[in-house]
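Here is coords.txt, consisting of compact mmCIF, C-alpha atoms:
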```txt
# COMPACT_ATOMS: atom_id res chain seq x y z
CA MET A 221 88.34 49.54 74.42
CA PRO A 222 90.77 51.20 71.95
CA LEU A 223 94.43 51.28 72.85
CA ALA A 224 95.67 54.57 74.26
CA VAL A 225 98.79 55.97 72.62
CA ARG A 226 101.24 57.02 75.32
CA PRO A 227 102.93 60.45 75.03
CA ALA A 228 106.35 58.78 75.09
CA ALA A 229 105.37 56.62 72.12
CA ILE A 230 104.13 59.66 70.19
CA SER A 231 107.36 61.53 70.93
CA TRP A 232 109.50 58.58 69.86
CA LEU A 233 107.51 57.94 66.67
CA ALA A 234 107.76 61.60 65.76
CA SER A 235 111.53 61.57 66.19
CA VAL A 236 111.91 58.43 64.08
CA SER A 237 109.71 59.88 61.34
CA ALA A 238 111.83 63.04 61.34
CA ALA A 239 114.99 60.96 61.02
CA ILE A 240 113.57 59.00 58.08
CA TRP A 241 112.67 62.09 56.12
CA MET A 242 115.89 63.89 57.05
CA TYR A 243 118.00 61.08 55.68
CA GLY A 244 115.70 60.65 52.67
CA ALA A 245 117.39 63.61 51.00
CA GLU A 246 120.71 61.75 50.76
CA ALA A 247 121.88 59.74 47.78
CA ALA A 248 120.28 56.31 47.67
CA TRP A 249 121.64 53.10 46.20
CA ALA A 250 119.14 50.38 45.43
CA GLY A 251 120.08 46.85 46.33
CA ASP A 252 122.83 46.00 48.79
CA GLY A 253 124.97 49.10 49.37
CA GLY A 254 125.20 52.89 49.44
CA ASP A 255 124.25 55.84 51.58
CA SER A 256 120.83 54.31 52.27
CA LEU A 257 122.62 51.80 54.49
CA GLY A 258 123.74 54.58 56.82
CA THR A 259 120.23 55.98 56.84
CA ILE A 260 118.61 52.76 57.99
CA GLN A 261 121.43 51.82 60.35
CA ALA A 262 120.97 55.18 62.10
CA ILE A 263 117.34 54.28 62.72
CA ILE A 264 118.39 50.89 64.13
CA GLY A 265 121.20 52.41 66.20
CA PRO A 266 125.00 52.65 66.64
CA PRO A 267 127.15 49.79 67.99
CA ASP A 268 126.69 50.87 71.63
CA GLY A 269 122.91 51.09 71.30
CA SER A 270 122.85 54.74 72.40
CA SER A 271 120.10 55.79 69.98
CA GLY A 272 117.45 54.48 67.59
CA PHE A 273 115.54 51.24 68.05
CA CYS A 274 118.40 49.78 70.07
CA LYS A 275 118.17 52.48 72.76
CA LEU A 276 114.41 52.06 73.03
CA LEU A 277 114.69 48.27 73.27
CA ASN A 278 117.82 48.13 75.47
CA MET A 279 119.90 46.40 72.76
CA ASN A 280 123.62 46.75 73.48
CA PRO A 281 125.55 45.79 71.45
CA CYS A 282 123.33 46.95 68.61
CA PRO A 283 123.40 44.87 65.38
CA GLN A 284 125.47 46.44 62.58
CA LEU A 285 124.51 45.37 59.07
CA PRO A 286 126.79 45.28 56.00
CA THR A 287 124.06 45.57 53.32
CA VAL A 288 120.91 47.59 52.71
CA THR A 289 118.86 44.41 52.35
CA GLN A 290 119.93 43.19 55.80
CA ALA A 291 119.39 46.62 57.38
CA ILE A 292 115.85 46.73 55.97
CA LEU A 293 115.14 43.27 57.39
CA GLU A 294 116.55 44.20 60.81
CA ALA A 295 114.58 47.45 60.98
CA ALA A 296 111.44 45.58 59.94
CA ALA A 297 112.05 42.84 62.52
CA VAL A 298 112.43 45.10 65.55
CA GLY A 299 110.30 48.01 64.30
CA LEU A 300 107.48 45.71 63.14
CA SER A 301 107.07 47.44 59.79
CA PRO A 302 106.81 45.79 56.34
CA PRO A 303 110.24 45.63 54.68
CA GLU A 304 108.90 47.31 51.55
CA MET A 305 107.80 50.32 53.61
CA VAL A 306 111.16 50.58 55.36
CA ALA A 307 112.71 50.66 51.88
CA ALA A 308 110.20 53.11 50.42
CA GLN A 309 110.55 55.62 53.26
CA ASN A 310 114.32 55.56 52.84
CA ASP A 311 114.24 56.44 49.14
CA ILE A 312 115.05 52.96 47.86
CA ALA A 313 113.50 52.33 44.47
CA ALA A 314 110.50 50.00 44.35
CA GLY A 315 111.32 46.71 42.67
CA SER A 316 114.89 46.52 43.98
CA ASN A 317 114.10 43.54 46.20
CA VAL A 318 111.62 40.72 46.57
CA ASN A 319 110.27 40.09 50.06
CA ALA A 320 108.25 37.46 51.90
CA GLY A 321 106.92 37.28 55.44
CA ASN A 322 105.09 34.53 57.33
CA PRO A 323 103.65 34.60 60.87
CA ALA A 324 104.50 31.67 63.12
CA VAL A 325 102.59 28.41 62.61
CA VAL A 326 99.58 28.23 64.93
CA PRO A 327 99.61 24.94 66.90
CA GLN A 328 96.82 22.50 66.06
CA ALA A 329 96.09 22.43 69.79
CA LEU A 330 97.87 23.68 72.89
CA PHE A 331 100.99 21.59 73.57
CA VAL A 332 100.51 19.49 70.44
CA PRO A 333 104.00 19.43 68.84
CA THR A 334 104.58 20.61 65.29
CA PRO A 335 105.55 17.43 63.40
CA PHE A 336 108.62 16.91 61.26
CA PRO A 337 108.79 16.21 58.44
CA LEU A 338 105.46 17.56 57.27
CA THR A 339 103.72 15.40 54.68
CA SER A 340 100.24 14.86 53.28
CA THR A 341 99.33 12.83 56.39
CA THR A 342 100.62 15.09 59.18
CA SER A 343 98.65 17.70 61.07
CA PRO A 344 99.01 20.24 59.68
CA PRO A 345 99.59 18.64 56.26
CA LEU A 346 102.24 20.11 54.01
CA PHE A 347 100.02 19.85 50.91
CA ASP A 348 96.34 20.54 50.31
CA ILE A 349 94.36 17.35 50.84
CA ILE A 350 90.81 16.16 50.23
CA THR A 351 89.32 14.03 53.02
CA PRO A 352 87.19 10.94 52.25
CA SER A 353 84.12 13.09 52.99
CA GLY A 354 85.16 15.59 50.33
CA GLN A 355 86.40 18.31 52.69
CA LYS A 356 89.41 20.28 51.49
CA ILE A 357 92.10 20.93 54.10
CA ARG A 358 94.66 23.54 53.22
CA GLY A 359 98.28 22.47 53.48
CA LEU A 360 100.85 24.61 55.24
CA LEU A 361 102.53 25.66 51.98
CA SER A 362 99.21 27.14 50.78
CA THR A 363 99.25 29.51 53.76
CA LEU A 364 102.84 30.71 53.26
CA THR A 365 104.49 33.23 50.94
CA PRO A 366 107.81 32.18 49.35
CA LEU A 367 110.63 33.88 47.48
CA ALA A 368 111.13 32.78 43.87
CA PHE A 369 114.47 32.07 42.18
CA ILE A 370 115.87 31.07 38.83
CA SER A 371 118.64 28.56 39.44
CA ALA A 372 122.10 29.60 38.25
CA ASN A 373 122.16 27.02 35.46
CA ASN A 374 118.81 28.11 34.00
CA ASN A 375 119.59 31.77 34.63
CA ASN A 376 122.73 31.52 32.52
CA GLN A 377 120.79 29.89 29.69
CA ASN A 378 117.92 32.40 29.80
CA ASN A 379 119.98 35.59 30.14
CA ASN A 380 122.97 35.30 27.83
CA ASN A 381 122.20 38.66 26.25
CA GLN A 382 121.37 40.62 29.40
CA SER A 383 123.40 43.26 31.22
CA SER A 384 126.91 42.81 32.58
CA ASN A 385 125.49 43.01 36.11
CA ASN A 386 123.46 39.88 35.45
CA ASP A 387 126.45 38.17 33.83
CA LYS A 388 128.58 38.95 36.87
CA ASN A 389 125.89 37.57 39.18
CA ASN A 390 125.63 34.37 37.15
CA LYS A 391 129.39 33.79 37.07
CA GLN A 392 129.49 34.03 40.84
CA GLY A 393 127.26 30.96 40.99
CA THR A 394 124.32 32.57 42.76
CA ALA A 395 120.68 31.96 41.89
CA ALA A 396 118.77 35.00 40.63
CA ALA A 397 115.89 36.20 42.78
CA THR A 398 112.80 36.98 40.74
CA GLN A 399 109.12 37.84 41.03
CA LEU A 400 106.66 35.11 42.04
CA TYR A 401 104.84 35.47 38.73
CA ASP A 402 108.00 34.82 36.66
CA SER A 403 107.37 31.67 34.63
CA ASN A 404 111.12 30.99 34.58
CA ALA A 405 111.23 30.53 38.36
CA ASP A 406 112.22 26.96 39.16
CA THR A 407 112.98 27.06 42.90
CA PHE A 408 111.16 28.62 45.85
CA LEU A 409 112.13 29.28 49.47
CA TYR A 410 109.64 29.45 52.35
CA ALA A 411 110.48 30.35 55.97
CA VAL A 412 108.26 30.12 59.06
CA THR A 413 108.78 29.70 62.79
CA ALA A 414 106.93 27.19 64.93
CA SER A 415 106.77 25.73 68.42
CA SER A 416 108.13 22.21 68.67
CA ILE A 417 105.92 21.66 71.74
CA GLY A 418 102.79 23.48 70.54
CA PHE A 419 103.20 26.38 72.98
CA ALA A 420 101.05 29.50 72.50
CA THR A 421 99.79 32.38 74.66
CA SER A 422 97.06 35.01 74.50
CA PRO A 423 97.93 37.71 73.69
CA GLY A 424 101.06 36.96 71.71
CA GLY A 425 100.18 33.78 69.81
CA THR A 426 102.70 31.01 69.06
CA VAL A 427 105.84 31.01 71.21
CA PRO A 428 108.34 29.80 68.58
CA ASP A 429 111.49 27.79 69.22
CA ARG A 430 112.37 26.55 65.72
CA LEU A 431 112.74 27.87 62.19
CA PHE A 432 111.32 25.76 59.37
CA LEU A 433 112.72 26.21 55.85
CA PHE A 434 111.14 24.67 52.75
CA TYR A 435 113.05 24.56 49.45
CA GLU A 436 110.98 23.67 46.39
CA ASP A 437 112.77 22.18 43.41
CA LEU A 438 110.30 22.05 40.52
CA SER A 439 112.73 20.22 38.26
CA TRP A 440 113.16 17.13 40.42
CA THR A 441 110.18 14.83 40.01
CA ASP A 442 111.71 11.39 40.63
CA ALA A 443 110.52 10.22 44.05
CA ASN A 444 112.94 7.25 44.12
CA PRO A 445 116.49 8.68 44.17
CA PRO A 446 119.59 6.57 44.77
CA ARG A 447 120.44 6.17 48.45
CA GLY A 448 123.55 7.54 50.15
CA GLN A 449 124.32 10.16 47.51
CA THR A 450 124.55 13.92 48.27
CA PHE A 451 121.45 15.36 46.65
CA ALA A 452 121.41 18.89 48.07
CA LYS A 453 123.53 21.32 50.07
CA PHE A 454 122.23 24.04 52.37
CA LEU A 455 124.11 26.92 53.99
CA LEU A 456 123.19 27.19 57.69
CA PRO A 457 123.88 30.65 59.24
CA LEU A 458 124.31 29.42 62.80
CA THR A 459 125.33 31.33 65.93
CA MET A 460 127.14 29.95 68.98
CA LEU A 461 126.53 31.46 72.44
CA SER A 462 129.36 30.98 74.93
CA SER A 463 128.73 28.92 78.06
CA ASP A 464 128.64 32.09 80.18
CA GLY A 465 125.82 33.45 78.01
CA VAL A 466 127.74 36.57 77.01
CA THR A 467 129.54 36.14 73.66
CA GLU A 468 127.96 35.22 70.33
CA THR A 469 130.07 33.86 67.47
CA PRO A 470 128.83 33.23 63.91
CA VAL A 471 129.23 29.68 62.64
CA SER A 472 128.81 29.16 58.90
CA ALA A 473 127.96 25.52 58.29
CA THR A 474 126.86 23.42 55.32
CA LEU A 475 124.23 20.71 55.55
CA ASN A 476 125.03 17.94 53.04
CA PHE A 477 121.74 16.16 52.44
CA LYS A 478 121.81 12.48 51.56
CA VAL A 479 118.81 10.22 51.04
CA PRO A 480 118.96 7.60 53.84
CA ALA A 481 118.55 3.86 53.54
CA THR A 482 115.00 2.55 53.53
CA GLY A 483 113.44 2.67 56.99
CA LYS A 484 116.01 5.07 58.41
CA ALA A 485 115.27 8.56 59.76
CA PRO A 486 115.12 11.11 56.91
CA CYS A 487 118.19 13.10 58.07
CA SER A 488 120.25 10.16 59.37
CA ALA A 489 122.57 9.90 56.34
CA SER A 490 123.25 13.64 56.15
CA THR A 491 126.14 15.58 57.70
CA VAL A 492 126.90 19.14 58.82
CA VAL A 493 130.34 20.49 57.95
CA SER A 494 132.01 23.69 59.17
CA ALA A 495 135.35 24.98 60.44
CA LEU A 496 134.32 23.55 63.82
CA TRP A 497 133.50 20.15 62.34
CA PRO A 498 135.67 19.72 59.21
CA LYS A 499 134.99 15.97 59.09
CA GLY A 500 131.28 16.47 59.55
CA ILE A 501 128.83 15.66 62.35
CA ALA A 502 125.33 14.25 62.44
CA PRO A 503 122.74 17.06 62.14
CA ASP A 504 120.90 15.95 65.28
CA GLN A 505 124.01 16.75 67.33
CA ILE A 506 123.17 20.43 66.86
CA GLY A 507 119.38 20.04 66.75
CA VAL A 508 119.06 20.23 62.94
CA ASN A 509 116.65 17.96 61.08
CA CYS A 510 116.08 17.50 57.36
CA ALA A 511 113.98 15.56 54.87
CA VAL A 512 112.77 15.52 51.28
CA VAL A 513 109.16 14.85 50.30
CA PHE A 514 107.36 14.85 46.95
CA GLY A 515 104.02 16.32 46.06
CA PRO A 516 102.16 19.17 44.35
CA SER A 517 102.16 22.69 45.77
CA PRO A 518 100.74 26.17 45.08
CA THR A 519 103.59 26.78 42.60
CA SER A 520 103.17 23.57 40.58
CA LYS A 521 100.47 20.91 40.30
CA GLU A 522 103.11 18.37 39.27
CA ARG A 523 104.76 16.19 41.94
CA HIS A 524 108.19 17.59 42.72
CA ALA A 525 110.81 17.65 45.45
CA ILE A 526 110.39 19.80 48.55
CA PHE A 527 113.34 19.80 50.95
CA GLU A 528 112.56 20.53 54.59
CA VAL A 529 115.13 21.84 57.07
CA THR A 530 114.43 22.81 60.66
CA ILE A 531 116.87 24.62 62.96
CA PRO A 532 116.51 25.49 66.66
CA LEU A 533 116.25 29.18 67.48
CA LEU A 534 118.83 30.94 69.64
CA VAL A 535 116.97 33.87 71.22
CA THR A 536 117.72 35.02 74.78
CA GLY A 537 116.64 37.84 77.07
CA ALA A 538 113.87 36.38 79.22
CA THR A 539 115.70 37.53 82.37
CA GLY A 540 115.90 41.12 81.15
CA CYS A 541 115.24 44.28 83.13
CA SER A 542 113.32 47.54 82.86
CA PRO A 543 113.17 50.44 82.52
CA ALA A 544 115.87 50.80 79.88
CA PRO A 545 118.74 51.44 79.91
CA CYS A 546 119.73 48.84 82.45
CA THR A 547 122.14 45.92 82.71
CA PRO A 548 120.32 42.58 82.77
CA PRO A 549 121.97 39.28 83.71
CA PRO A 550 123.12 36.97 80.87
CA PRO A 551 122.05 35.42 78.66
CA ASN A 552 120.52 38.57 77.21
CA THR A 553 121.46 38.73 73.54
CA ASP A 554 118.00 39.67 72.22
CA PRO A 555 116.10 41.79 74.79
CA ALA A 556 113.77 43.28 72.16
CA TYR A 557 112.14 39.88 71.70
CA PHE A 558 110.93 39.65 75.32
CA TYR A 559 109.42 43.11 75.78
CA SER A 560 105.85 41.91 76.38
CA SER A 561 106.86 39.16 78.80
CA LEU A 562 108.86 41.69 80.87
CA HIS A 563 106.36 44.57 80.78
CA ILE A 564 103.03 43.89 82.49
CA ASP A 565 100.12 46.32 82.82
CA PRO A 566 99.91 46.80 86.62
CA ILE A 567 96.14 47.26 86.54
CA ALA A 568 95.01 44.67 83.97
CA GLN A 569 97.86 42.29 84.88
CA LYS A 570 98.36 41.55 81.19
CA ALA A 571 101.38 41.76 78.95
CA LEU A 572 101.91 45.08 77.21
CA PRO A 573 102.47 45.36 73.46
CA GLY A 574 105.83 46.50 72.17
CA PRO A 575 106.73 50.19 72.41
CA ILE A 576 107.21 50.70 68.67
CA ASN A 577 104.07 49.17 67.20
CA ILE A 578 101.59 49.32 70.09
CA GLY A 579 99.15 46.94 68.40
CA LEU A 580 101.50 43.94 68.39
CA PHE A 581 102.99 41.82 71.16
CA THR A 582 106.39 40.15 71.27
CA ALA A 583 106.06 36.39 70.90
CA PHE A 584 108.90 35.13 73.07
CA LEU A 585 108.43 34.10 76.68
CA LEU A 586 111.30 31.76 77.54
CA ASP A 587 114.92 31.74 76.37
CA ASP A 588 115.43 29.66 73.23
CA LEU A 589 118.88 28.20 73.82
CA GLY A 590 119.14 26.22 70.61
CA THR A 591 121.09 23.05 71.31
CA ILE A 592 123.39 22.79 74.33
CA LEU A 593 126.80 21.44 73.31
CA PRO A 594 129.06 19.30 75.56
CA SER A 595 131.19 22.41 76.19
CA GLY A 596 128.20 24.19 77.71
CA ALA A 597 127.90 26.57 74.76
CA SER A 598 124.63 26.81 72.82
CA ILE A 599 124.14 26.78 69.06
CA GLY A 600 121.18 27.65 66.86
CA ILE A 601 119.95 30.32 64.46
CA ALA A 602 119.76 33.88 65.80
CA PRO A 603 116.89 36.24 64.89
CA THR A 604 119.08 39.08 63.60
CA ALA A 605 119.57 39.69 59.88
CA GLY A 606 123.11 38.28 59.81
CA PRO A 607 125.80 37.69 58.92
CA LEU A 608 126.67 40.87 60.82
CA GLY A 609 129.57 43.14 60.01
CA PRO A 610 130.63 46.74 59.44
CA PRO A 611 129.16 48.66 56.49
CA PRO A 612 131.32 48.95 53.36
CA THR A 613 133.36 52.13 52.95
CA CYS A 614 132.21 52.29 49.34
CA THR A 615 129.32 54.70 48.64
CA PRO A 616 127.73 56.26 45.53
CA THR A 617 129.53 59.53 46.27
CA ASN A 618 133.03 58.09 45.96
CA ASN A 619 132.25 56.35 42.66
CA CYS A 620 133.29 52.80 43.48
CA THR A 621 131.82 49.33 43.34
CA PRO A 622 130.61 47.91 46.68
CA PRO A 623 132.22 44.64 47.78
CA SER A 624 130.29 41.40 47.67
CA SER A 625 128.55 40.22 50.83
CA THR A 626 127.68 36.64 51.72
CA LEU A 627 124.01 35.69 51.67
CA ALA A 628 122.64 33.95 54.75
CA LEU A 629 120.43 31.26 53.21
CA CYS A 630 121.88 29.49 50.19
CA ALA A 631 121.12 26.14 48.61
CA SER A 632 122.49 24.05 45.76
CA LEU A 633 119.88 21.62 44.45
CA PRO A 634 119.83 18.86 41.83
CA GLN A 635 119.02 20.07 38.34
CA ASN A 636 116.36 17.61 37.13
CA GLY A 637 117.34 15.22 39.93
CA ASN A 638 118.59 11.72 39.20
CA GLY A 639 122.12 12.37 40.38
CA GLN A 640 122.87 15.29 38.09
CA ALA A 641 125.25 18.01 39.28
CA LEU A 642 123.98 20.40 41.95
CA VAL A 643 123.44 24.01 40.88
CA PRO A 644 123.03 27.17 43.00
CA ALA A 645 119.25 27.47 43.40
CA VAL A 646 118.51 29.78 46.38
CA GLY A 647 120.20 32.86 47.85
CA ALA A 648 118.52 35.17 50.38
CA TYR A 649 118.75 37.03 53.67
CA TYR A 650 116.40 36.48 56.60
CA SER A 651 115.38 37.94 59.93
CA ILE A 652 112.88 36.94 62.60
CA ALA A 653 110.61 39.69 63.90
CA THR A 654 109.93 40.15 67.61
CA THR A 655 106.42 38.80 66.87
CA GLY A 656 107.92 35.54 65.59
CA GLU A 657 107.26 36.38 61.93
CA ALA A 658 109.92 35.00 59.57
CA LEU A 659 111.06 37.55 56.99
CA LEU A 660 112.95 36.85 53.75
CA SER A 661 114.45 39.27 51.23
CA ALA A 662 116.75 39.18 48.22
CA ALA A 663 117.93 41.96 45.93
CA LEU A 664 117.17 41.43 42.26
CA PRO A 665 120.13 40.65 39.94
CA GLY A 666 120.54 44.13 38.51
CA VAL A 667 121.24 45.65 41.93
CA SER A 668 122.49 42.73 44.02
CA THR A 669 126.06 42.67 45.26
CA SER A 670 125.52 39.63 47.51
CA VAL A 671 126.63 36.14 46.59
CA CYS A 672 126.46 32.60 47.88
CA PRO A 673 129.68 30.78 48.72
CA LYS A 674 130.52 27.60 46.86
CA LEU A 675 128.79 24.78 48.73
```
With the file now loaded, output its structure as structure tokens.
Amino acid sequence: MPLAVRPAAISWLASVSAAIWMYGAEAAWAGDGGDSLGTIQAIIGPPDGSSGFCKLLNMNPCPQLPTVTQAILEAAAVGLSPPEMVAAQNDIAAGSNVNAGNPAVVPQALFVPTPFPLTSTTSPPLFDIITPSGQKIRGLLSTLTPLAFISANNNNQNNNNQSSNNDKNNKQGTAAATQLYDSNADTFLYAVTASSIGFATSPGGTVPDRLFLFYEDLSWTDANPPRGQTFAKFLLPLTMLSSDGVTETPVSATLNFKVPATGKAPCSASTVVSALWPKGIAPDQIGVNCAVVFGPSPTSKERHAIFEVTIPLLVTGATGCSPAPCTPPPPNTDPAYFYSSLHIDPIAQKALPGPINIGLFTAFLLDDLGTILPSGASIGIAPTAGPLGPPPTCTPTNNCTPPSSTLALCASLPQNGNGQALVPAVGAYYSIATTGEALLSAALPGVSTSVCPKL
């Protein structure tokens, strides 16, 4: 039986459409800043959640985004629209950004955990494999869409005569995002959520509790690196939730990846460093795991390094309330992600789809509390398109240059491996949709004002 569109949904969709077209007449700035940011933020909502998506989904406080790229990702995540359409309907030029989205990994069977690290022998395998009987089994990477980058070192060499915008981007030590078909691309970033316990529902699909990140380094082909040496660095955009479940605090951390001694766990020699842990802690203390494997992939038939990083999700709101607006008990940082689990059809006794896109269900059922620390606080990666912050005061109308913003997912990887110096190789923003889909986006060099910190 076809879904019936409720009058309230029609009214809301009409009002949002009107807002999009009303703001479309304003000046637009492709990339990371400009009046388009105010346009999209208005659709998401003000800080108190009194309008927009945040009012509809009972989100208070409402996320405030400092760049257009992040605002597009946030609107796509809670509005369940493709990022490129959010950009297009807000007068942002096509080709300003590259985007990638991947639905959550479907468990091999109910309550069969997703393994880590993924290799050619795991289920699912990371790479395409051929069984002894001749059957081809697709690897996970073959089912995912990545973002492509030109590492900072190669980007400098290939673009010496390009525009000053590109030169500025290169000097800041940030990899250049590029199109997947660019033959100069030498690193790729994939993102996908999964259930560590193989939990899934119908409707709704996989109930994710972890984010998996895969960083491909096409230049590193030596599968026998020296042990105990830092071979890669990854920026981890973590969030800490206070022990009372009320206050969230961003925690920028760096994962220093070292190849462990033979026979040791793949992440056992690595450390996580931040202002909270200046001397470094073991990644497993905050639920992070890491590994490097070698093999072919959809981007290259040659064996090369693929770094794997997995981080626990921090998504709460399972004890929410309805109808909105209402004041649910903590923790309730992400109520939009639990809409289907909190709204049940009284006749069919089945979960209802979300109120924005009535054909899709929210994927979350239970609070994902990341890793519980000794203090009682929780830490993990939040679904919002952080790092959050106020929009810049600089706009196209006052003829100034927008300030740089810090990218969420950055990585410095070995150029050609074998102990050579690490170079900035990945720089992107992310968000996780209410359906569990992992979204990635990066502005192209000519319009990007976002940079990676020195790792």
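Distances to Ser668 of chain A were evaluated for A:Ala329, A:Val298, A:Cys510, A:Ala397 using only C-alpha atoms, and the minimum falls at A:Ala397.
Take the candidates A:Thr626, A:Thr519, A:Ser488, A:Asn278 and check each one against Leu367 of chain A using all atoms listed in the file; the shortest distance goes to A:Thr519.
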Of the listed residues A:Ile576, A:Ile260, A:Val513, A:Val643, that which approaches Pro445 of chain A most closely, counting only C-alpha atoms: A:Val513
Interatomic distance, atom CA of Thr363 of chain A to atom CA of Ser517 of chain A (Å, one decimal): 10.9 Å
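Relative to atom CA of Val493 of chain A, atom CA of Ala473 of chain A is found at 5.6 Å.
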Point-to-point distance in Å for atom CA of Ser416 of chain A and atom CA of Cys541 of chain A: 27.3 Å
Would you list the contacts of segment 424-427 of chain A as a PDB file with C-alpha atoms, in the coordinates of the input, taking every protein, DNA or RNA residue within 12 Å and counting only C-alpha atoms, but skipping same-chain residues closer than 5 positions in sequence?
```pdb
ATOM      1  CA  PRO A 323     103.650  34.600  60.870  1.00  0.00           C
ATOM      2  CA  ALA A 324     104.500  31.670  63.120  1.00  0.00           C
ATOM      3  CA  VAL A 325     102.590  28.410  62.610  1.00  0.00           C
ATOM      4  CA  VAL A 326      99.580  28.230  64.930  1.00  0.00           C
ATOM      5  CA  PRO A 327      99.610  24.940  66.900  1.00  0.00           C
ATOM      6  CA  GLN A 328      96.820  22.500  66.060  1.00  0.00           C
ATOM      7  CA  ALA A 329      96.090  22.430  69.790  1.00  0.00           C
ATOM      8  CA  LEU A 330      97.870  23.680  72.890  1.00  0.00           C
ATOM      9  CA  PHE A 331     100.990  21.590  73.570  1.00  0.00           C
ATOM     10  CA  VAL A 332     100.510  19.490  70.440  1.00  0.00           C
ATOM     11  CA  PRO A 333     104.000  19.430  68.840  1.00  0.00           C
ATOM     12  CA  THR A 334     104.580  20.610  65.290  1.00  0.00           C
ATOM     13  CA  VAL A 412     108.260  30.120  59.060  1.00  0.00           C
ATOM     14  CA  THR A 413     108.780  29.700  62.790  1.00  0.00           C
ATOM     15  CA  ALA A 414     106.930  27.190  64.930  1.00  0.00           C
ATOM     16  CA  SER A 415     106.770  25.730  68.420  1.00  0.00           C
ATOM     17  CA  SER A 416     108.130  22.210  68.670  1.00  0.00           C
ATOM     18  CA  ILE A 417     105.920  21.660  71.740  1.00  0.00           C
ATOM     19  CA  GLY A 418     102.790  23.480  70.540  1.00  0.00           C
ATOM     20  CA  PHE A 419     103.200  26.380  72.980  1.00  0.00           C
ATOM     21  CA  LEU A 533     116.250  29.180  67.480  1.00  0.00           C
ATOM     22  CA  VAL A 535     116.970  33.870  71.220  1.00  0.00           C
ATOM     23  CA  TYR A 557     112.140  39.880  71.700  1.00  0.00           C
ATOM     24  CA  PHE A 558     110.930  39.650  75.320  1.00  0.00           C
ATOM     25  CA  TYR A 559     109.420  43.110  75.780  1.00  0.00           C
ATOM     26  CA  SER A 560     105.850  41.910  76.380  1.00  0.00           C
ATOM     27  CA  SER A 561     106.860  39.160  78.800  1.00  0.00           C
ATOM     28  CA  LYS A 570      98.360  41.550  81.190  1.00  0.00           C
ATOM     29  CA  ALA A 571     101.380  41.760  78.950  1.00  0.00           C
ATOM     30  CA  LEU A 572     101.910  45.080  77.210  1.00  0.00           C
ATOM     31  CA  PRO A 573     102.470  45.360  73.460  1.00  0.00           C
ATOM     32  CA  GLY A 574     105.830  46.500  72.170  1.00  0.00           C
ATOM     33  CA  GLY A 579      99.150  46.940  68.400  1.00  0.00           C
ATOM     34  CA  LEU A 580     101.500  43.940  68.390  1.00  0.00           C
ATOM     35  CA  PHE A 581     102.990  41.820  71.160  1.00  0.00           C
ATOM     36  CA  THR A 582     106.390  40.150  71.270  1.00  0.00           C
ATOM     37  CA  ALA A 583     106.060  36.390  70.900  1.00  0.00           C
ATOM     38  CA  PHE A 584     108.900  35.130  73.070  1.00  0.00           C
ATOM     39  CA  LEU A 585     108.430  34.100  76.680  1.00  0.00           C
ATOM     40  CA  LEU A 586     111.300  31.760  77.540  1.00  0.00           C
ATOM     41  CA  ASP A 587     114.920  31.740  76.370  1.00  0.00           C
ATOM     42  CA  ASP A 588     115.430  29.660  73.230  1.00  0.00           C
ATOM     43  CA  THR A 654     109.930  40.150  67.610  1.00  0.00           C
ATOM     44  CA  THR A 655     106.420  38.800  66.870  1.00  0.00           C
ATOM     45  CA  GLY A 656     107.920  35.540  65.590  1.00  0.00           C
ATOM     46  CA  GLU A 657     107.260  36.380  61.930  1.00  0.00           C
TER      47      GLU A 657
END
```
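The shell of residues at most 9 Å from Ser362 of chain A, with only C-alpha atoms counted and near chain neighbours (fewer than 2 positions) removed, consists of A:Leu346, A:Phe347, A:Asp348, A:Arg358, A:Gly359, A:Leu360, A:Leu364, A:Thr365, A:Ser517, A:Pro518.
Excluding Ala489 of chain A and any residue on its chain fewer than 6 positions from it, the residues at most 10 Å away by all atoms listed in the file are Arg447, Gly448, Gln449, Thr450, Asn476, Phe477, Lys478, Val479, Pro480, Ala481, Ala502 and Pro503 of chain A.
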Distance criterion (all atoms listed in the file): nearest to Pro267 of chain A out of A:Gly609, A:Val471, A:Ser661, A:Arg523: A:Gly609
Residues near Ala628 of chain A, cut-off 10 Å, all atoms listed in the file, skip fewer than 4 positions along chain, as number ranges by chain: A: 290, 455-458, 472, 605-607, 647-651, 670-673
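Among the candidate residues A:Gln284, A:Thr469, A:Asn509, A:Thr407, the one lying nearest to Pro335 of chain A is A:Asn509, with distances computed using only C-alpha atoms.
Among the candidates A:Asn310, A:Ser270, A:Gly515, A:Thr441, the one nearest to Thr341 of chain A when counting all atoms listed in the file is A:Gly515.
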